[in-house]
file protein-v6.pdb (PDB, C-alpha atoms, pLDDT in the B column)
ATOM      1  CA  MET A 101     198.423 102.833  46.239  1.00 47.00           C
ATOM      2  CA  LYS A 102     194.825 103.953  46.298  1.00 54.00           C
ATOM      3  CA  CYS A 103     192.767 102.296  48.962  1.00 59.00           C
ATOM      4  CA  ASN A 104     189.062 102.870  49.542  1.00 69.00           C
ATOM      5  CA  LEU A 105     188.584 102.541  53.307  1.00 70.00           C
ATOM      6  CA  LEU A 106     185.692 100.081  53.092  1.00 71.00           C
ATOM      7  CA  ALA A 107     186.860  98.295  49.946  1.00 75.00           C
ATOM      8  CA  GLU A 108     189.155  95.845  51.698  1.00 81.00           C
ATOM      9  CA  VAL A 109     188.318  92.171  51.713  1.00 86.00           C
ATOM     10  CA  THR A 110     186.790  91.969  55.218  1.00 87.00           C
ATOM     11  CA  SER A 111     184.223  94.723  54.664  1.00 89.00           C
ATOM     12  CA  GLN A 112     183.372  93.405  51.218  1.00 90.00           C
ATOM     13  CA  ALA A 113     182.852  89.918  52.633  1.00 92.00           C
ATOM     14  CA  LEU A 114     180.627  91.294  55.411  1.00 93.00           C
ATOM     15  CA  ALA A 115     178.624  93.320  52.879  1.00 92.00           C
ATOM     16  CA  ALA A 116     178.203  90.199  50.737  1.00 94.00           C
ATOM     17  CA  ALA A 117     177.019  88.292  53.825  1.00 95.00           C
ATOM     18  CA  LEU A 118     174.468  91.039  54.533  1.00 94.00           C
ATOM     19  CA  ARG A 119     173.211  90.885  50.944  1.00 94.00           C
ATOM     20  CA  GLY A 120     172.988  87.108  51.154  1.00 95.00           C
ATOM     21  CA  THR A 121     171.084  87.027  54.432  1.00 95.00           C
ATOM     22  CA  ALA A 122     168.721  89.762  53.177  1.00 94.00           C
ATOM     23  CA  ALA A 123     167.965  87.732  50.035  1.00 94.00           C
ATOM     24  CA  ARG A 124     167.440  84.633  52.164  1.00 95.00           C
ATOM     25  CA  GLN A 125     165.087  86.559  54.441  1.00 94.00           C
ATOM     26  CA  ALA A 126     162.935  87.412  51.392  1.00 93.00           C
ATOM     27  CA  ALA A 127     162.920  83.761  50.282  1.00 94.00           C
ATOM     28  CA  LEU A 128     161.998  82.528  53.786  1.00 95.00           C
ATOM     29  CA  ALA A 129     159.246  85.157  54.099  1.00 95.00           C
ATOM     30  CA  ASN A 130     157.903  83.954  50.747  1.00 94.00           C
ATOM     31  CA  ASN A 131     157.981  80.319  51.867  1.00 94.00           C
ATOM     32  CA  ILE A 132     156.130  81.235  55.068  1.00 95.00           C
ATOM     33  CA  ALA A 133     153.573  83.337  53.187  1.00 94.00           C
ATOM     34  CA  ASN A 134     152.905  80.348  50.904  1.00 94.00           C
ATOM     35  CA  VAL A 135     152.656  77.748  53.665  1.00 93.00           C
ATOM     36  CA  ASP A 136     149.012  77.050  52.680  1.00 92.00           C
ATOM     37  CA  THR A 137     149.382  77.400  48.899  1.00 93.00           C
ATOM     38  CA  PRO A 138     148.760  74.070  47.118  1.00 93.00           C
ATOM     39  CA  THR A 139     151.631  72.708  44.926  1.00 92.00           C
ATOM     40  CA  PHE A 140     154.014  75.459  46.104  1.00 93.00           C
ATOM     41  CA  THR A 141     157.739  74.620  46.058  1.00 93.00           C
ATOM     42  CA  ARG A 142     159.969  76.269  48.640  1.00 93.00           C
ATOM     43  CA  THR A 143     162.890  78.481  47.591  1.00 93.00           C
ATOM     44  CA  GLU A 144     166.342  78.165  49.079  1.00 93.00           C
ATOM     45  CA  VAL A 145     169.086  80.815  48.969  1.00 94.00           C
ATOM     46  CA  GLU A 146     172.691  79.628  49.203  1.00 92.00           C
ATOM     47  CA  PHE A 147     175.478  82.198  49.265  1.00 93.00           C
ATOM     48  CA  GLU A 148     177.980  80.868  51.847  1.00 92.00           C
ATOM     49  CA  GLN A 149     179.811  78.560  49.445  1.00 92.00           C
ATOM     50  CA  ALA A 150     180.211  81.242  46.789  1.00 92.00           C
ATOM     51  CA  LEU A 151     181.438  83.685  49.445  1.00 93.00           C
ATOM     52  CA  ALA A 152     183.915  81.140  50.874  1.00 92.00           C
ATOM     53  CA  GLY A 153     185.206  80.486  47.343  1.00 91.00           C
ATOM     54  CA  ALA A 154     185.647  84.221  46.699  1.00 90.00           C
ATOM     55  CA  LEU A 155     187.510  84.598  50.012  1.00 89.00           C
ATOM     56  CA  ARG A 156     189.894  81.765  49.096  1.00 88.00           C
ATOM     57  CA  GLU A 157     190.474  83.512  45.769  1.00 85.00           C
ATOM     58  CA  ALA A 158     191.175  86.849  47.483  1.00 83.00           C
ATOM     59  CA  ARG A 159     193.648  85.261  49.901  1.00 81.00           C
ATOM     60  CA  ARG A 160     195.822  84.317  46.941  1.00 80.00           C
ATOM     61  CA  ALA A 161     195.881  87.956  45.742  1.00 73.00           C
ATOM     62  CA  PRO A 162     199.155  89.850  46.431  1.00 68.00           C
ATOM     63  CA  SER A 163     197.639  92.508  48.671  1.00 63.00           C
ATOM     64  CA  HIS A 164     194.554  92.427  50.899  1.00 53.00           C
ATOM     65  CA  CYS A 165     193.950  96.084  50.230  1.00 53.00           C
ATOM     66  CA  ALA A 166     193.970  95.657  46.473  1.00 55.00           C
ATOM     67  CA  GLY A 167     192.152  92.344  46.634  1.00 65.00           C
ATOM     68  CA  GLN A 168     188.781  92.557  44.953  1.00 75.00           C
ATOM     69  CA  LEU A 169     186.206  90.146  46.291  1.00 82.00           C
ATOM     70  CA  ARG A 170     184.192  88.697  43.421  1.00 82.00           C
ATOM     71  CA  VAL A 171     180.986  87.338  44.910  1.00 86.00           C
ATOM     72  CA  PRO A 172     178.123  86.480  42.576  1.00 87.00           C
ATOM     73  CA  PRO A 173     174.804  88.021  43.705  1.00 89.00           C
ATOM     74  CA  PRO A 174     172.780  85.646  45.926  1.00 89.00           C
ATOM     75  CA  ARG A 175     170.261  83.695  43.914  1.00 87.00           C
ATOM     76  CA  GLY A 176     167.404  81.490  45.008  1.00 89.00           C
ATOM     77  CA  HIS A 177     166.647  78.086  43.621  1.00 90.00           C
ATOM     78  CA  GLU A 178     163.647  75.805  44.055  1.00 91.00           C
ATOM     79  CA  ASP A 179     164.166  73.083  46.635  1.00 92.00           C
ATOM     80  CA  HIS A 180     162.466  69.901  45.465  1.00 93.00           C
ATOM     81  CA  SER A 181     164.227  67.692  48.031  1.00 92.00           C
ATOM     82  CA  ALA A 182     161.862  68.525  50.914  1.00 90.00           C
ATOM     83  CA  PRO A 183     158.990  66.042  51.361  1.00 91.00           C
ATOM     84  CA  ARG A 184     155.644  67.165  49.944  1.00 93.00           C
ATOM     85  CA  ARG A 185     152.340  67.199  51.773  1.00 91.00           C
ATOM     86  CA  GLU A 186     149.143  65.796  50.298  1.00 91.00           C
ATOM     87  CA  ASP A 187     148.376  69.155  48.640  1.00 91.00           C
ATOM     88  CA  GLY A 188     151.745  69.146  46.856  1.00 93.00           C
ATOM     89  CA  ASN A 189     153.244  71.872  49.058  1.00 93.00           C
ATOM     90  CA  ASN A 190     156.715  71.165  50.489  1.00 93.00           C
ATOM     91  CA  VAL A 191     157.003  73.988  53.047  1.00 93.00           C
ATOM     92  CA  SER A 192     157.558  72.829  56.623  1.00 93.00           C
ATOM     93  CA  ILE A 193     156.720  75.738  58.918  1.00 92.00           C
ATOM     94  CA  GLU A 194     159.081  74.431  61.641  1.00 92.00           C
ATOM     95  CA  ARG A 195     161.970  74.312  59.212  1.00 93.00           C
ATOM     96  CA  GLU A 196     161.227  77.809  57.884  1.00 94.00           C
ATOM     97  CA  MET A 197     160.940  79.328  61.372  1.00 94.00           C
ATOM     98  CA  THR A 198     164.241  77.829  62.550  1.00 94.00           C
ATOM     99  CA  ALA A 199     165.927  78.943  59.319  1.00 95.00           C
ATOM    100  CA  LEU A 200     164.429  82.414  59.879  1.00 94.00           C
ATOM    101  CA  ALA A 201     165.912  82.600  63.400  1.00 94.00           C
ATOM    102  CA  ARG A 202     169.311  81.341  62.224  1.00 95.00           C
ATOM    103  CA  ASN A 203     169.336  83.764  59.293  1.00 95.00           C
ATOM    104  CA  ALA A 204     168.419  86.732  61.514  1.00 94.00           C
ATOM    105  CA  LEU A 205     171.330  85.852  63.834  1.00 94.00           C
ATOM    106  CA  ALA A 206     173.754  85.519  60.899  1.00 95.00           C
ATOM    107  CA  HIS A 207     172.622  88.912  59.606  1.00 95.00           C
ATOM    108  CA  ARG A 208     173.080  90.382  63.074  1.00 94.00           C
ATOM    109  CA  ALA A 209     176.576  88.899  63.383  1.00 94.00           C
ATOM    110  CA  ALA A 210     177.642  90.337  60.021  1.00 94.00           C
ATOM    111  CA  SER A 211     176.157  93.741  60.784  1.00 94.00           C
ATOM    112  CA  GLU A 212     177.815  93.873  64.244  1.00 93.00           C
ATOM    113  CA  LEU A 213     181.187  93.009  62.698  1.00 93.00           C
ATOM    114  CA  LEU A 214     180.763  95.632  59.967  1.00 92.00           C
ATOM    115  CA  ALA A 215     179.786  98.184  62.630  1.00 92.00           C
ATOM    116  CA  SER A 216     182.924  97.373  64.642  1.00 91.00           C
ATOM    117  CA  ARG A 217     184.951  97.707  61.428  1.00 89.00           C
ATOM    118  CA  ILE A 218     183.495 101.191  60.929  1.00 88.00           C
ATOM    119  CA  ARG A 219     184.211 102.032  64.599  1.00 88.00           C
ATOM    120  CA  MET A 220     187.841 101.001  64.109  1.00 87.00           C
ATOM    121  CA  LEU A 221     188.182 103.253  61.061  1.00 86.00           C
ATOM    122  CA  ARG A 222     186.573 106.110  62.953  1.00 86.00           C
ATOM    123  CA  ALA A 223     188.953 105.571  65.887  1.00 87.00           C
ATOM    124  CA  VAL A 224     191.911 105.733  63.496  1.00 88.00           C
ATOM    125  CA  ILE A 225     190.611 108.895  61.806  1.00 88.00           C
ATOM    126  CA  HIS A 226     189.729 110.736  65.012  1.00 86.00           C
ATOM    127  CA  GLY A 227     192.565 109.392  67.178  1.00 81.00           C
ATOM    128  CA  ASN A 228     189.999 107.651  69.380  1.00 61.00           C
ATOM    129  CA  ARG A 229     188.292 110.917  70.384  1.00 66.00           C
ATOM    130  CA  ARG A 230     184.568 110.619  70.909  1.00 59.00           C
ATOM    131  CA  GLY A 231     182.359 111.660  68.010  1.00 51.00           C
TER     132      GLY A 231
ATOM    133  CA  MET B  88     158.948  92.543  46.120  1.00 74.00           C
ATOM    134  CA  ASP B  89     160.778  93.038  49.445  1.00 84.00           C
ATOM    135  CA  CYS B  90     160.509  91.038  52.685  1.00 86.00           C
ATOM    136  CA  PHE B  91     157.931  93.415  54.136  1.00 91.00           C
ATOM    137  CA  ASP B  92     155.560  93.132  51.151  1.00 92.00           C
ATOM    138  CA  ILE B  93     155.920  89.353  51.105  1.00 93.00           C
ATOM    139  CA  SER B  94     155.068  89.005  54.802  1.00 94.00           C
ATOM    140  CA  ALA B  95     152.244  91.535  54.392  1.00 94.00           C
ATOM    141  CA  SER B  96     150.782  89.461  51.534  1.00 94.00           C
ATOM    142  CA  GLY B  97     150.882  86.407  53.810  1.00 94.00           C
ATOM    143  CA  LEU B  98     149.175  88.313  56.631  1.00 95.00           C
ATOM    144  CA  ALA B  99     146.479  89.622  54.255  1.00 95.00           C
ATOM    145  CA  ALA B 100     145.853  86.173  52.750  1.00 95.00           C
ATOM    146  CA  GLN B 101     145.509  84.530  56.177  1.00 95.00           C
ATOM    147  CA  ARG B 102     143.202  87.312  57.336  1.00 95.00           C
ATOM    148  CA  GLY B 103     141.060  86.727  54.227  1.00 95.00           C
ATOM    149  CA  ARG B 104     140.925  83.054  55.125  1.00 96.00           C
ATOM    150  CA  LEU B 105     139.901  83.959  58.707  1.00 96.00           C
ATOM    151  CA  ASN B 106     137.078  86.138  57.335  1.00 95.00           C
ATOM    152  CA  VAL B 107     135.728  83.246  55.284  1.00 96.00           C
ATOM    153  CA  ILE B 108     135.974  80.864  58.264  1.00 97.00           C
ATOM    154  CA  ALA B 109     134.126  83.421  60.421  1.00 96.00           C
ATOM    155  CA  ALA B 110     131.364  83.635  57.782  1.00 95.00           C
ATOM    156  CA  ASN B 111     131.110  79.830  57.693  1.00 96.00           C
ATOM    157  CA  ILE B 112     130.824  79.630  61.478  1.00 96.00           C
ATOM    158  CA  ALA B 113     128.313  82.492  61.646  1.00 96.00           C
ATOM    159  CA  ASN B 114     126.145  80.782  59.006  1.00 94.00           C
ATOM    160  CA  VAL B 115     126.308  77.275  60.421  1.00 94.00           C
ATOM    161  CA  GLU B 116     122.505  77.256  60.928  1.00 93.00           C
ATOM    162  CA  THR B 117     121.439  79.479  57.998  1.00 93.00           C
ATOM    163  CA  THR B 118     118.724  77.659  56.055  1.00 92.00           C
ATOM    164  CA  VAL B 119     117.698  80.531  53.752  1.00 92.00           C
ATOM    165  CA  THR B 120     119.978  82.689  51.582  1.00 91.00           C
ATOM    166  CA  ASP B 121     119.411  85.287  48.829  1.00 90.00           C
ATOM    167  CA  THR B 122     120.028  82.635  46.171  1.00 87.00           C
ATOM    168  CA  GLY B 123     117.590  80.244  47.854  1.00 84.00           C
ATOM    169  CA  GLY B 124     118.529  77.048  49.675  1.00 88.00           C
ATOM    170  CA  PRO B 125     120.834  76.784  52.668  1.00 93.00           C
ATOM    171  CA  TYR B 126     124.175  78.579  53.058  1.00 94.00           C
ATOM    172  CA  ARG B 127     127.046  76.813  51.316  1.00 94.00           C
ATOM    173  CA  ARG B 128     130.426  76.514  52.998  1.00 95.00           C
ATOM    174  CA  GLN B 129     132.992  78.828  51.342  1.00 95.00           C
ATOM    175  CA  GLN B 130     136.695  78.132  51.007  1.00 95.00           C
ATOM    176  CA  VAL B 131     139.635  80.311  49.930  1.00 95.00           C
ATOM    177  CA  ILE B 132     142.099  79.353  47.210  1.00 94.00           C
ATOM    178  CA  PHE B 133     145.689  80.539  47.674  1.00 94.00           C
ATOM    179  CA  ALA B 134     148.230  80.944  44.882  1.00 92.00           C
ATOM    180  CA  SER B 135     151.799  82.208  44.968  1.00 90.00           C
ATOM    181  CA  LYS B 136     152.312  85.480  43.110  1.00 87.00           C
ATOM    182  CA  GLY B 137     154.303  85.514  39.863  1.00 77.00           C
ATOM    183  CA  SER B 138     157.761  86.980  40.414  1.00 73.00           C
ATOM    184  CA  ASN B 139     159.809  84.768  42.694  1.00 71.00           C
ATOM    185  CA  PRO B 140     159.756  85.561  45.610  1.00 82.00           C
ATOM    186  CA  GLY B 141     156.460  87.379  45.182  1.00 87.00           C
ATOM    187  CA  GLY B 142     154.351  86.414  48.202  1.00 91.00           C
ATOM    188  CA  VAL B 143     150.873  84.926  48.174  1.00 93.00           C
ATOM    189  CA  GLU B 144     147.385  86.015  47.208  1.00 92.00           C
ATOM    190  CA  VAL B 145     143.811  84.825  47.515  1.00 93.00           C
ATOM    191  CA  VAL B 146     142.755  84.015  43.937  1.00 93.00           C
ATOM    192  CA  GLY B 147     139.227  82.962  44.736  1.00 93.00           C
ATOM    193  CA  VAL B 148     136.577  82.075  47.264  1.00 94.00           C
ATOM    194  CA  VAL B 149     134.661  79.036  46.035  1.00 95.00           C
ATOM    195  CA  PRO B 150     131.708  77.136  47.492  1.00 94.00           C
ATOM    196  CA  ASP B 151     132.178  73.647  48.892  1.00 94.00           C
ATOM    197  CA  PRO B 152     130.323  71.194  46.588  1.00 93.00           C
ATOM    198  CA  ARG B 153     129.399  68.778  49.374  1.00 93.00           C
ATOM    199  CA  GLU B 154     125.721  67.951  50.021  1.00 92.00           C
ATOM    200  CA  ALA B 155     123.636  69.930  52.518  1.00 93.00           C
ATOM    201  CA  ARG B 156     122.891  68.336  55.880  1.00 92.00           C
ATOM    202  CA  GLN B 157     119.302  66.989  56.049  1.00 94.00           C
ATOM    203  CA  VAL B 158     117.648  67.351  59.455  1.00 93.00           C
ATOM    204  CA  TYR B 159     114.147  66.050  60.222  1.00 95.00           C
ATOM    205  CA  GLN B 160     112.183  69.065  61.486  1.00 93.00           C
ATOM    206  CA  PRO B 161     108.583  68.849  60.211  1.00 93.00           C
ATOM    207  CA  GLY B 162     107.542  72.037  62.046  1.00 92.00           C
ATOM    208  CA  HIS B 163     110.235  74.183  60.408  1.00 91.00           C
ATOM    209  CA  PRO B 164     109.004  76.728  57.806  1.00 91.00           C
ATOM    210  CA  ASN B 165     111.756  75.580  55.368  1.00 90.00           C
ATOM    211  CA  ALA B 166     110.953  71.889  55.701  1.00 91.00           C
ATOM    212  CA  ASP B 167     110.276  69.952  52.469  1.00 91.00           C
ATOM    213  CA  ALA B 168     107.295  67.605  51.861  1.00 92.00           C
ATOM    214  CA  GLU B 169     108.913  64.817  53.921  1.00 93.00           C
ATOM    215  CA  GLY B 170     109.671  67.170  56.808  1.00 93.00           C
ATOM    216  CA  PHE B 171     113.432  67.511  56.177  1.00 94.00           C
ATOM    217  CA  VAL B 172     115.225  70.852  56.428  1.00 94.00           C
ATOM    218  CA  ALA B 173     118.440  71.378  54.422  1.00 94.00           C
ATOM    219  CA  TYR B 174     121.116  72.819  56.712  1.00 94.00           C
ATOM    220  CA  PRO B 175     124.462  74.242  55.489  1.00 95.00           C
ATOM    221  CA  ASN B 176     127.272  71.783  54.678  1.00 94.00           C
ATOM    222  CA  VAL B 177     129.389  73.475  57.351  1.00 95.00           C
ATOM    223  CA  ASN B 178     131.081  71.188  59.858  1.00 94.00           C
ATOM    224  CA  ILE B 179     131.831  73.287  62.932  1.00 95.00           C
ATOM    225  CA  VAL B 180     134.748  71.047  64.039  1.00 96.00           C
ATOM    226  CA  GLU B 181     136.358  71.384  60.612  1.00 95.00           C
ATOM    227  CA  GLU B 182     135.973  75.165  60.788  1.00 96.00           C
ATOM    228  CA  MET B 183     137.546  75.355  64.253  1.00 97.00           C
ATOM    229  CA  VAL B 184     140.557  73.314  63.107  1.00 97.00           C
ATOM    230  CA  ASP B 185     140.897  75.569  60.049  1.00 95.00           C
ATOM    231  CA  LEU B 186     140.595  78.620  62.313  1.00 96.00           C
ATOM    232  CA  VAL B 187     143.504  77.493  64.505  1.00 97.00           C
ATOM    233  CA  SER B 188     145.585  76.658  61.415  1.00 95.00           C
ATOM    234  CA  ALA B 189     144.908  80.105  59.894  1.00 95.00           C
ATOM    235  CA  THR B 190     145.788  81.826  63.182  1.00 96.00           C
ATOM    236  CA  ARG B 191     149.106  79.972  63.415  1.00 95.00           C
ATOM    237  CA  SER B 192     149.976  80.789  59.810  1.00 95.00           C
ATOM    238  CA  TYR B 193     149.133  84.439  60.500  1.00 96.00           C
ATOM    239  CA  GLU B 194     151.499  84.391  63.508  1.00 96.00           C
ATOM    240  CA  ALA B 195     154.273  82.825  61.398  1.00 95.00           C
ATOM    241  CA  ASN B 196     153.972  85.669  58.886  1.00 95.00           C
ATOM    242  CA  ALA B 197     154.021  88.213  61.716  1.00 96.00           C
ATOM    243  CA  ALA B 198     157.226  86.579  63.037  1.00 95.00           C
ATOM    244  CA  ALA B 199     158.833  86.775  59.575  1.00 95.00           C
ATOM    245  CA  PHE B 200     157.833  90.446  59.375  1.00 95.00           C
ATOM    246  CA  ASN B 201     159.423  91.149  62.776  1.00 95.00           C
ATOM    247  CA  ALA B 202     162.635  89.381  61.735  1.00 94.00           C
ATOM    248  CA  ALA B 203     162.833  91.570  58.600  1.00 94.00           C
ATOM    249  CA  LYS B 204     162.184  94.676  60.706  1.00 94.00           C
ATOM    250  CA  ALA B 205     164.989  93.758  63.142  1.00 93.00           C
ATOM    251  CA  MET B 206     167.358  93.242  60.207  1.00 92.00           C
ATOM    252  CA  ALA B 207     166.478  96.613  58.693  1.00 91.00           C
ATOM    253  CA  GLN B 208     166.976  98.234  62.097  1.00 91.00           C
ATOM    254  CA  GLN B 209     170.481  96.726  62.362  1.00 89.00           C
ATOM    255  CA  ALA B 210     171.334  98.043  58.905  1.00 87.00           C
ATOM    256  CA  LEU B 211     170.250 101.518  60.047  1.00 87.00           C
ATOM    257  CA  ASP B 212     172.420 101.169  63.174  1.00 86.00           C
ATOM    258  CA  LEU B 213     175.511 100.639  60.984  1.00 83.00           C
ATOM    259  CA  GLY B 214     175.553 104.376  60.339  1.00 74.00           C
ATOM    260  CA  ARG B 215     175.569 105.076  64.065  1.00 75.00           C
ATOM    261  CA  ALA B 216     178.490 102.741  64.809  1.00 60.00           C
TER     262      ALA B 216
END

call {"tool": "encode", "arguments": {"input": "protein-v6.pdb", "output": "C-alpha cells"}}
result
Amino acid sequence: MKCNLLAEVTSQALAAALRGTAARQAALANNIANVDTPTFTRTEVEFEQALAGALREARRAPSHCAGQLRVPPPRGHEDHSAPRREDGNNVSIEREMTALARNALAHRAASELLASRIRMLRAVIHGNRRG
Amino acid sequence: MDCFDISASGLAAQRGRLNVIAANIANVETTVTDTGGPYRRQQVIFASKGSNPGGVEVVGVVPDPREARQVYQPGHPNADAEGFVAYPNVNIVEEMVDLVSATRSYEANAAAFNAAKAMAQQALDLGRA
C-alpha cells in the first residue's frame, strides 16, 4: 500500500486546524481593524465542527493510513447575534482580544503537535540520530 | 488580503484619526483660516474595505456642522459689531476622549499584528522540527 508520510489522518487534521486558525486570525484582525467603523458586522470563522465531523468519518474508514480526511475549507460568516452599539457596529474589542489570544494558543498547539509528528518521522528515518 | 495587511490597514486608519484629532487640538483657538471664519472641527469617516475580510480605510475627513463658539471679546481684531469672536467648534474634552479611544484601537491592531507574526513564526519553525 502506498502511504504518503504526512498524509495520515493526524497530520491532515492538524493541517486543517492550522488552516482554520489562520483564517480565523484574518477574520479577528478584520473585526479589530473595523472596531470604529459604523454599521460594521463582525465575522466569525467556525471550523472545529466540520473538522470533528471529518474525523468521525475517517475513524469509520478501514485503514488510518488510507483514510482521507475531507475537511471543507474554513469559511467566515457574519455574526448578527452580538449586540450592536449606537453606531450600528457589533464588534466588542474585549471579545475580539480574548478570541485572538485563544486562537493564537490553538494555532500554537496544532503547530507544536505537527512539529512533534515531523520529529517522530525523522527519528524513524534516521534511527534517532541527530540531524 | 492577509492578516498583516488587515492589521496594517487598522493601524493606518487609527493613525489617520490621530492626525485629525491632533489638528483639532492644535487649532482649538484658531479664529482665522484660509477660507475665512474660525477653524471647523474635522472628523474621520471609517468604512470596511470590500472583500471580506478586507480591513478598514478612511473614506473621508468631513467638517463638524456644529455652530462656532461665540466669546465676548470686544478688543479682539476678529470681533464682530457686537464684540463677539467666533471660536472653533472644538471641544477639548471631546478631543481628549477621542484621542484615548484612537490610541487604544491602535494598540488593539498592533496586538493583532503581533499575534499573526507569532503564528507565522511557528509555521516557519515547523521546518526546523

call {"tool": "interface_residues", "arguments": {"input": "protein-v6.pdb", "of": "chain B", "to": "chain A", "cutoff": "9 Å", "atoms": "all atoms listed in the file", "output": "MDAnalysis selection string"}}
result
chainID B and resid 88:91 93:98 100:101 132:135 139:144 189 192:193 195:196 198:200 202:203 205:206 209:210 212:216

call {"tool": "residues_around", "arguments": {"input": "protein-v6.pdb", "residues": "Glu154 (chain B)", "least_positions_apart": "5", "cutoff": "10 Å", "atoms": "all atoms listed in the file", "output": "PyMOL selection string"}}
result
chain B and resi 127+173-177

call {"tool": "resolve_selection", "arguments": {"input": "protein-v6.pdb", "expression": "the PyMOL selection byres ((chain B and resi 158) around 7)", "output": "VMD selection string"}}
result
chain B and resid 156 to 157 159 to 160 171 to 173

call {"tool": "resolve_selection", "arguments": {"input": "protein-v6.pdb", "expression": "the PyMOL selection byres ((chain B and resi 129) around 8)", "output": "ChimeraX atom specification"}}
result
/B:107-108,111,127-128,130-131,148-151

call {"tool": "atom_distance", "arguments": {"input": "protein-v6.pdb", "atom1": "CA of Ala113 (chain B)", "atom2": "CA of Ala197 (chain B)"}}
result
26.3 Å

call {"tool": "atom_distance", "arguments": {"input": "protein-v6.pdb", "atom1": "CA of Leu105 (chain B)", "atom2": "CA of Glu144 (chain A)"}}
result
28.7 Å

call {"tool": "axis_aligned_box", "arguments": {"input": "protein-v6.pdb", "around": "region 109-128 of chain A", "padding_each_side": "6 Å", "output": "AutoDock Vina command-line options"}}
result
--center_x 175.2 --center_y 88.6 --center_z 52.7 --size_x 38.3 --size_y 24.2 --size_z 17.4

call {"tool": "atom_distance", "arguments": {"input": "protein-v6.pdb", "atom1": "CA of Gly120 (chain A)", "atom2": "CA of Pro174 (chain A)"}}
result
5.4 Å

call {"tool": "resolve_selection", "arguments": {"input": "protein-v6.pdb", "expression": "the PyMOL selection byres ((chain A and resi 150) around 12)", "output": "count of residues only"}}
result
23
